[in-house]
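Below is target-v6.txt, which holds compact mmCIF, C-alpha atoms.
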# COMPACT_ATOMS: atom_id res chain seq x y z
CA MET R 21 0.00 0.00 0.00
CA LEU R 22 1.28 3.42 -0.92
CA ILE R 23 1.07 6.09 1.78
CA ASP R 24 0.70 9.46 0.07
CA GLU R 25 -0.75 11.57 2.89
CA VAL R 26 0.07 11.47 6.58
CA GLU R 27 0.48 13.67 9.65
CA ILE R 28 3.79 13.20 11.42
CA ILE R 29 5.74 14.56 14.37
CA LEU R 30 9.45 15.29 14.06
CA ARG R 31 11.30 15.86 17.31
CA ALA R 32 14.94 16.88 17.48
CA GLY R 33 17.05 15.60 20.36
CA HIS R 34 16.90 17.13 23.83
CA GLY R 35 20.11 18.70 25.05
CA GLY R 36 21.83 16.71 27.79
CA PRO R 37 21.87 18.15 31.31
CA GLY R 38 25.01 19.59 32.80
CA ARG R 39 26.58 17.65 35.66
CA VAL R 40 27.12 18.69 39.26
CA SER R 41 30.30 17.10 40.55
CA PHE R 42 33.40 18.06 42.54
CA ASN R 43 37.05 17.17 42.63
CA PRO R 44 37.95 14.82 45.46
CA GLY R 45 39.99 16.11 48.36
CA GLN R 46 39.86 18.67 51.12
CA HIS R 47 39.76 21.68 48.80
CA SER R 48 37.47 20.23 46.21
CA GLY R 49 36.20 22.41 43.42
CA PRO R 50 33.49 21.92 40.80
CA ASN R 51 34.34 19.81 37.78
CA GLY R 52 30.92 19.06 36.26
CA GLY R 53 30.93 19.11 32.46
CA ASN R 54 28.40 20.45 30.02
CA GLY R 55 25.67 18.29 28.51
CA GLY R 56 25.84 17.22 24.88
CA LYS R 57 23.79 18.87 22.16
CA GLY R 58 20.63 17.10 20.99
CA GLY R 59 20.66 15.59 17.51
CA ASP R 60 19.33 17.59 14.55
CA ILE R 61 16.83 16.27 12.01
CA TYR R 62 17.58 16.68 8.32
CA LEU R 63 15.39 15.98 5.32
CA SER R 64 16.68 14.66 2.03
CA VAL R 65 14.89 13.56 -1.14
CA THR R 66 14.62 10.26 -2.98
CA SER R 67 12.98 9.17 -6.22
CA ASP R 68 11.41 6.24 -4.34
CA LEU R 69 7.81 7.40 -4.05
CA ARG R 70 7.05 4.73 -1.45
CA ALA R 71 9.32 6.40 1.08
CA LEU R 72 6.35 7.66 3.12
CA ASN R 73 5.61 4.03 3.99
CA GLN R 74 8.20 4.47 6.75
CA PHE R 75 5.39 6.14 8.71
CA SER R 76 3.01 3.17 8.43
CA LYS R 77 3.68 2.04 12.00
CA SER R 78 4.98 5.09 13.79
CA LYS R 79 4.13 8.68 12.93
CA THR R 80 6.85 10.09 15.20
CA LYS R 81 10.54 10.35 14.39
CA GLU R 82 13.01 11.47 17.05
CA ALA R 83 16.69 12.33 16.92
CA GLU R 84 18.95 11.15 19.72
CA ASN R 85 19.19 13.14 22.96
CA GLY R 86 22.48 14.60 24.13
CA GLU R 87 24.16 12.86 27.05
CA MET R 88 24.72 14.28 30.50
CA GLY R 89 27.97 16.10 31.13
CA GLY R 90 30.73 14.07 32.74
CA LYS R 91 33.08 14.58 35.64
CA PHE R 92 36.37 16.44 35.32
CA GLN R 93 34.86 18.95 32.89
CA GLN R 94 34.13 16.37 30.26
CA SER R 95 31.26 17.29 27.98
CA GLY R 96 28.49 14.82 27.34
CA LYS R 97 28.28 13.16 23.96
CA ASP R 98 26.18 14.93 21.35
CA GLY R 99 23.07 13.11 20.18
CA LYS R 100 23.24 11.58 16.71
CA ASP R 101 21.58 13.53 13.92
CA LEU R 102 18.66 11.88 12.14
CA GLU R 103 18.22 12.03 8.38
CA ILE R 104 14.76 11.31 7.03
CA VAL R 105 14.45 10.54 3.35
CA MET R 106 11.25 11.82 1.74
CA PRO R 107 9.91 11.18 -1.77
CA LEU R 108 10.30 13.68 -4.57
CA GLY R 109 7.21 15.86 -4.84
CA THR R 110 6.46 15.89 -1.11
CA GLU R 111 4.69 18.97 0.21
CA MET R 112 4.73 19.59 3.96
CA ASN R 113 2.81 22.08 6.04
CA ASP R 114 3.74 22.89 9.64
CA LEU R 115 0.40 22.74 11.44
CA GLN R 116 1.58 25.16 14.14
CA THR R 117 3.51 27.82 12.22
CA GLY R 118 1.96 27.48 8.76
CA GLU R 119 5.40 27.10 7.14
CA GLU R 120 5.46 25.15 3.89
CA PHE R 121 8.22 22.92 2.58
CA ILE R 122 8.17 21.62 -1.00
CA LEU R 123 10.66 18.93 -2.00
CA ASN R 124 11.14 19.37 -5.73
CA ASP R 125 14.88 18.73 -5.96
CA LEU R 126 16.50 15.31 -5.66
CA ASN R 127 19.73 16.96 -4.52
CA SER R 128 18.20 18.96 -1.68
CA ARG R 129 19.04 18.33 1.97
CA PHE R 130 18.12 20.74 4.74
CA LEU R 131 17.72 21.12 8.48
CA ILE R 132 14.08 20.83 9.56
CA CYS R 133 14.45 20.52 13.36
CA LYS R 134 17.44 21.77 15.34
CA GLY R 135 18.55 19.88 18.43
CA GLY R 136 18.50 21.48 21.85
CA LEU R 137 21.67 22.87 23.43
CA GLY R 138 23.21 20.98 26.31
CA GLY R 139 23.06 22.47 29.80
CA ARG R 140 26.19 23.88 31.43
CA GLY R 141 27.76 21.89 34.22
CA ASN R 142 28.59 23.38 37.60
CA PHE R 143 32.21 24.05 36.59
CA ALA R 144 30.92 26.70 34.18
CA PHE R 145 29.31 28.56 37.08
CA LYS R 146 32.42 28.75 39.24
CA SER R 147 33.37 32.32 40.16
CA SER R 148 35.27 34.25 42.82
CA ARG R 149 32.01 34.75 44.66
CA ASN R 150 30.77 31.21 44.23
CA THR R 151 33.63 28.76 44.29
CA THR R 152 31.50 25.67 44.81
CA PRO R 153 28.30 26.01 42.77
CA LYS R 154 26.00 23.10 43.46
CA TYR R 155 23.77 23.48 40.45
CA ALA R 156 23.87 22.91 36.71
CA GLN R 157 21.61 23.69 33.80
CA LYS R 158 19.13 21.34 32.29
CA GLY R 159 19.44 20.80 28.58
CA LEU R 160 17.09 22.59 26.23
CA PRO R 161 14.42 20.71 24.26
CA GLY R 162 14.95 20.23 20.53
CA ARG R 163 12.65 21.69 17.91
CA GLU R 164 9.44 19.77 17.41
CA ARG R 165 7.22 20.06 14.38
CA GLN R 166 3.83 18.59 13.63
CA LEU R 167 3.60 18.30 9.87
CA LYS R 168 0.94 17.42 7.37
CA VAL R 169 2.73 15.58 4.58
CA GLU R 170 1.29 15.08 1.11
CA LEU R 171 2.89 13.44 -1.89
CA LYS R 172 2.28 15.05 -5.26
CA TYR R 173 4.05 13.48 -8.19
CA ILE R 174 6.46 15.38 -10.32
CA ALA R 175 6.33 13.32 -13.50
CA ASP R 176 6.94 14.23 -17.10
CA PHE R 177 4.03 12.17 -18.41
CA GLY R 178 0.83 11.06 -16.71
CA LEU R 179 -1.21 8.17 -18.09
CA ILE R 180 -4.91 8.77 -17.44
CA GLY R 181 -8.13 7.12 -18.57
CA LEU R 182 -10.97 4.90 -17.47
CA PRO R 183 -10.27 1.50 -15.90
CA ASN R 184 -9.16 -1.07 -18.50
CA ALA R 185 -7.99 1.65 -20.88
CA GLY R 186 -4.67 -0.15 -21.29
CA LYS R 187 -2.54 2.27 -19.27
CA SER R 188 -0.64 -0.32 -17.21
CA SER R 189 0.08 -2.48 -20.25
CA LEU R 190 1.41 0.54 -22.11
CA LEU R 191 3.56 1.55 -19.14
CA ASN R 192 5.05 -1.94 -19.05
CA GLU R 193 5.92 -1.78 -22.72
CA LEU R 194 7.54 1.64 -22.53
CA THR R 195 9.37 1.05 -19.26
CA ALA R 196 10.43 -1.66 -16.85
CA ALA R 197 7.67 -0.77 -14.40
CA ASN R 198 6.10 -4.27 -14.41
CA ALA R 199 2.74 -2.87 -13.34
CA LYS R 200 0.04 -5.40 -12.50
CA ILE R 201 -2.55 -5.81 -15.23
CA ALA R 202 -5.86 -7.69 -15.51
CA ASP R 203 -9.27 -7.28 -17.09
CA TYR R 204 -11.26 -5.82 -14.23
CA PRO R 205 -11.85 -2.33 -12.82
CA PHE R 206 -9.33 -0.75 -10.48
CA THR R 207 -6.50 -3.15 -11.31
CA THR R 208 -4.16 -0.28 -10.46
CA LEU R 209 -4.86 0.51 -6.82
CA GLU R 210 -1.90 2.83 -6.47
CA PRO R 211 0.08 4.86 -9.00
CA ASN R 212 2.90 3.10 -10.80
CA LEU R 213 6.00 4.81 -12.12
CA GLY R 214 8.39 3.99 -14.89
CA MET R 215 11.38 5.64 -16.51
CA TYR R 216 11.53 6.15 -20.25
CA ASN R 217 14.51 7.86 -21.85
CA GLY R 218 15.31 9.64 -18.60
CA LYS R 219 11.73 10.85 -18.09
CA VAL R 220 9.20 9.72 -15.50
CA ILE R 221 5.87 8.23 -16.60
CA ALA R 222 3.14 7.93 -13.94
CA ASP R 223 0.26 5.51 -14.40
CA ILE R 224 -2.63 7.14 -12.53
CA PRO R 225 -5.31 4.66 -11.32
CA GLY R 226 -8.39 4.50 -13.51
CA LEU R 227 -11.01 7.17 -13.02
CA ILE R 228 -14.76 6.67 -13.22
CA GLU R 229 -17.67 9.04 -13.50
CA GLY R 230 -18.11 10.71 -10.11
CA ALA R 231 -14.47 10.26 -9.08
CA SER R 232 -14.19 13.95 -8.19
CA GLU R 233 -17.03 13.41 -5.72
CA GLY R 234 -15.38 10.40 -4.09
CA LYS R 235 -16.83 7.55 -6.12
CA GLY R 236 -14.65 4.57 -6.94
CA LEU R 237 -11.13 5.42 -5.95
CA GLY R 238 -12.33 9.00 -5.54
CA VAL R 239 -10.07 12.01 -5.43
CA LYS R 240 -7.26 10.06 -3.79
CA PHE R 241 -5.23 9.98 -6.99
CA LEU R 242 -6.52 13.02 -8.86
CA LYS R 243 -4.10 15.17 -6.86
CA HIS R 244 -1.19 13.25 -8.36
CA ILE R 245 -1.96 14.68 -11.78
CA GLU R 246 -1.49 18.29 -10.65
CA LYS R 247 2.26 18.39 -11.27
CA VAL R 248 2.41 16.15 -14.33
CA LYS R 249 3.73 18.06 -17.34
CA LEU R 250 1.94 16.18 -20.13
CA LEU R 251 -1.22 14.06 -19.96
CA LEU R 252 -1.36 10.88 -22.02
CA HIS R 253 -5.08 10.23 -22.16
CA CYS R 254 -5.72 6.57 -22.98
CA VAL R 255 -8.98 5.68 -24.70
CA PRO R 256 -9.51 2.04 -25.76
CA ALA R 257 -10.19 1.69 -29.46
CA ASP R 258 -12.63 -1.18 -28.86
CA SER R 259 -14.88 1.05 -26.76
CA GLU R 260 -18.47 1.39 -27.97
CA ASP R 261 -18.32 5.15 -27.35
CA VAL R 262 -14.83 6.69 -27.46
CA LEU R 263 -16.24 10.20 -27.15
CA LYS R 264 -18.01 9.38 -23.90
CA ASP R 265 -14.95 7.58 -22.49
CA TYR R 266 -12.81 10.60 -23.20
CA GLN R 267 -15.32 13.14 -21.90
CA VAL R 268 -16.02 11.27 -18.63
CA VAL R 269 -12.40 11.60 -17.57
CA ARG R 270 -12.13 15.20 -18.76
CA ASN R 271 -15.25 16.12 -16.78
CA GLU R 272 -13.81 14.63 -13.59
CA LEU R 273 -10.56 16.53 -14.06
CA GLU R 274 -12.45 19.78 -14.53
CA LYS R 275 -14.65 19.22 -11.46
CA TYR R 276 -11.62 18.47 -9.32
CA ASN R 277 -9.38 21.25 -10.62
CA ALA R 278 -10.13 23.15 -13.81
CA ASP R 279 -6.42 23.85 -14.30
CA LEU R 280 -5.90 20.16 -15.05
CA THR R 281 -7.84 20.51 -18.29
CA LYS R 282 -5.40 23.20 -19.43
CA LYS R 283 -2.42 20.86 -19.32
CA PRO R 284 -0.92 19.68 -22.61
CA GLU R 285 -2.58 16.43 -23.61
CA ILE R 286 -2.22 13.69 -26.20
CA ILE R 287 -4.98 11.17 -26.87
CA ILE R 288 -3.64 7.64 -27.14
CA LEU R 289 -6.13 5.32 -28.82
CA THR R 290 -5.09 2.01 -27.26
CA LYS R 291 -5.83 -1.60 -28.22
CA ASN R 292 -6.15 -0.68 -31.89
CA ASP R 293 -5.37 -4.28 -32.84
CA LEU R 294 -8.85 -5.29 -31.60
CA ILE R 295 -10.78 -3.48 -34.32
CA GLU R 296 -10.70 -3.19 -38.09
CA GLU R 297 -8.64 -0.40 -39.67
CA LYS R 298 -11.73 1.30 -41.15
CA ASP R 299 -13.40 1.37 -37.71
CA LEU R 300 -10.22 2.73 -36.16
CA GLN R 301 -10.16 5.60 -38.63
CA LYS R 302 -13.81 6.43 -37.88
CA LYS R 303 -13.00 6.70 -34.18
CA ILE R 304 -9.97 8.86 -34.84
CA ILE R 305 -12.17 11.22 -36.86
CA LYS R 306 -14.66 11.41 -33.98
CA LEU R 307 -11.93 12.27 -31.47
CA LYS R 308 -10.51 15.02 -33.69
CA LYS R 309 -13.31 17.29 -32.48
CA PHE R 310 -11.31 17.77 -29.26
CA LYS R 311 -8.42 19.24 -31.26
CA LYS R 312 -5.79 17.07 -29.61
CA GLU R 313 -2.99 15.07 -31.14
CA ILE R 314 -4.17 11.46 -31.54
CA ILE R 315 -1.83 8.48 -31.58
CA PRO R 316 -3.25 4.97 -32.23
CA VAL R 317 -1.21 2.38 -30.33
CA SER R 318 -1.20 -1.34 -29.67
CA ILE R 319 1.27 -3.10 -27.41
CA HIS R 320 1.28 -5.85 -30.05
CA ASP R 321 2.23 -3.45 -32.84
CA TRP R 322 5.92 -2.53 -32.77
CA ASP R 323 5.57 0.26 -35.31
CA SER R 324 2.82 2.02 -33.34
CA LEU R 325 4.92 1.84 -30.17
CA GLN R 326 7.85 3.31 -32.07
CA ASN R 327 5.68 6.20 -33.25
CA LEU R 328 4.66 6.92 -29.67
CA GLU R 329 8.23 6.71 -28.43
CA LYS R 330 9.43 9.18 -31.07
CA LEU R 331 6.73 11.57 -29.98
CA LEU R 332 7.63 11.29 -26.29
CA VAL R 333 11.33 11.82 -26.95
CA ASN R 334 10.55 15.26 -28.39
CA LYS R 335 8.24 16.33 -25.58
Show me the file's structure as structure tokens.
Amino acid sequence: MLIDEVEIILRAGHGGPGRVSFNPGQHSGPNGGNGGKGGDIYLSVTSDLRALNQFSKSKTKEAENGEMGGKFQQSGKDGKDLEIVMPLGTEMNDLQTGEEFILNDLNSRFLICKGGLGGRGNFAFKSSRNTTPKYAQKGLPGRERQLKVELKYIADFGLIGLPNAGKSSLLNELTAANAKIADYPFTTLEPNLGMYNGKVIADIPGLIEGASEGKGLGVKFLKHIEKVKLLLHCVPADSEDVLKDYQVVRNELEKYNADLTKKPEIIILTKNDLIEEKDLQKKIIKLKKFKKEIIPVSIHDWDSLQNLEKLLVNK
């Protein structure tokens, strides 16, 4: 199961307390060391879009606390920093401060929660007026954030269409995604990704009429189309009504977010090996009313796949 939305708590390490201790002997003086600093929390980015599954069991991630200061002015050990790897396209909102963090760069790494400072030991408080301080500071708490995390794909191409439109099969042919396929609705229960010629193709689970209102798989996956650069709208050539199939999906996109209908789009007429050539041409003519580029494709027709690949290379 793909986790694409979750609320989490990130808690940097607590600073270690300073120590109260004294040198042995008749004229003993303070020698308590300072506590160690709490560990920081860093975020980095991965192309593995299942990275949010790390929060399936625990929604809280904590860096290590600093250790207590030692005797003879020895500082406590700093807590280990924690690095959390998040998927590309993650958007985070701090529920307390309203700050937003958008992870759009695979090379980014930044500090999200700073660890607390360690407390000073009693040696640090020694003075001419107080030669034997019997107190030390507690460490300071690390930064804590409560974050709403949402994954929104950043893909070059997004395969959309009704269930059984042939999206997963096409993805498998173009890439090494190995998406599950079968002849029943909602085969794809979570988005699949593949790489083609250095570009990311996302197979968005099949939409049905009413998806924008929560029917079927609902709006759960519509949000993943928002950052896709080019829509590859799959319509099966063996459909009894290609115009309706196309318009159902377009209507759901518009109801969810009208901006989605403004994205560049190519109509891919899939499964063209299942109908006669004259019938295929009739359906192409019908679809031309939408003024989109139309590419007939069959996974069993090498030439048609080559035509599609040439088109994608130039996009």
Show me, as a VMD selection string, the residues that have an atom within 8 Å of range 297-303 of chain R when counting all atoms listed in the file, minus same-chain residues fewer than 5 positions from it.
chain R and resid 257 262 292
Measuring between all atoms listed in the file, which one of R:Asp101, R:Asp176, R:Glu170, R:Asp293 shows the shortest distance to Asp321 in chain R?
R:Asp293
Distance CA of Ala175 in chain R-CA of Leu123 in chain R, one decimal place?
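Pair CA of Ala175 in chain R / CA of Leu123 in chain R returns 13.5 Å.
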Quick one: residues within 10 Å of Phe130 in chain R, all atoms listed in the file, excluding same-chain residues fewer than 2 positions away - as a list in words?
Ile61, Tyr62, Leu63, Ser64, Val65, Glu103, Ser128, Ile132 and Cys133 of chain R
From the options R:Arg140, R:Leu252, R:Leu22, R:Leu263, which residue's atoms come nearest to Asn212 in chain R, counting all atoms listed in the file?
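That would be R:Leu22, the residue with the smallest distance to Asn212 in chain R.
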Go through range 91-200 of chain R residue by residue and, counting only C-alpha atoms, keep those with an atom at most 10 Å from range 273-289 of chain R; for each kept residue give the shortest atom pair and its distance in Å to one decimal, ordered by chain and increasing number, as JSON lines.
{"residue": "R:Phe177", "atom": "CA", "partner": "R:Glu285", "partner_atom": "CA", "distance": 9.4}
{"residue": "R:Gly178", "atom": "CA", "partner": "R:Glu285", "partner_atom": "CA", "distance": 9.4}
{"residue": "R:Leu179", "atom": "CA", "partner": "R:Ile288", "partner_atom": "CA", "distance": 9.4}
{"residue": "R:Ile180", "atom": "CA", "partner": "R:Ile287", "partner_atom": "CA", "distance": 9.7}
{"residue": "R:Gly181", "atom": "CA", "partner": "R:Ile288", "partner_atom": "CA", "distance": 9.7}
{"residue": "R:Ala185", "atom": "CA", "partner": "R:Leu289", "partner_atom": "CA", "distance": 8.9}
{"residue": "R:Gly186", "atom": "CA", "partner": "R:Leu289", "partner_atom": "CA", "distance": 9.4}
{"residue": "R:Lys187", "atom": "CA", "partner": "R:Ile288", "partner_atom": "CA", "distance": 9.6}
Would you compute, for all listed atoms of range 36-55 of chain R, the axis-aligned bounding box grown by 5 Å on each side, and then report its centre and edge lengths in Å rounded to one decimal, as lines of an AutoDock Vina configuration file?
center_x = 30.9
center_y = 18.6
center_z = 39.5
size_x = 28.2
size_y = 17.6
size_z = 33.3
With distances taken over only C-alpha atoms, which of R:Leu213, R:Leu331, R:Val40, R:Ala32 is nearest to Gly136 in chain R?
R:Ala32
Would you list the residues near (26.5, 27.2, 39.4), meaning any protein, DNA or RNA residue with an atom at most 8 Å from that point in file coordinates, counting all atoms listed in the file, as an MDAnalysis selection string?
chainID R and resid 141:146 150 152:156
Neighbours of Ser318 in chain R within 8 Å (all atoms listed in the file; same-chain residues fewer than 4 positions away dropped), as number ranges by chain?
R: 290-293, 322, 324-325
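Proximity to Glu260 in chain R was assessed for R:Ala83, R:Ile295, R:Leu242, R:Leu171 counting all atoms listed in the file; the smallest distance is recorded for R:Ile295.
For the residues R:Val169, R:Gly218, R:Pro50, R:Thr80, ranking by smallest atom-to-atom distance to Phe92 in chain R using only C-alpha atoms places R:Pro50 first.
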Would you pick out the contacts of Gln74 in chain R at 12 Å or less, using all atoms listed in the file, so that residues sharing its chain but fewer than 5 positions from it are not included, and give the list as an NGL selection string?
:R and (21-24 or 26 or 28 or 68-69 or 79-81 or 104-107)
Looking at all atoms listed in the file, which of R:Gln116, R:Thr195, R:Ser95, R:Thr66 is the one that sits closest to Tyr216 in chain R?
R:Thr195
Could you work out how far CA of Gly59 in chain R lies from CA of Gln93 in chain R, giving the answer in Å with one decimal?
21.2 Å
Computed interatomic separation between CA of Gly99 in chain R and CA of Gln157 in chain R (Å):
17.3 Å
Show which residues sit within 9 Å of range 159-166 of chain R, as an MDAnalysis selection string. Count all atoms listed in the file, and ignore same-chain residues fewer than 4 positions away.
chainID R and resid 27:38 55:60 83 85:86 88 113:117 132:140
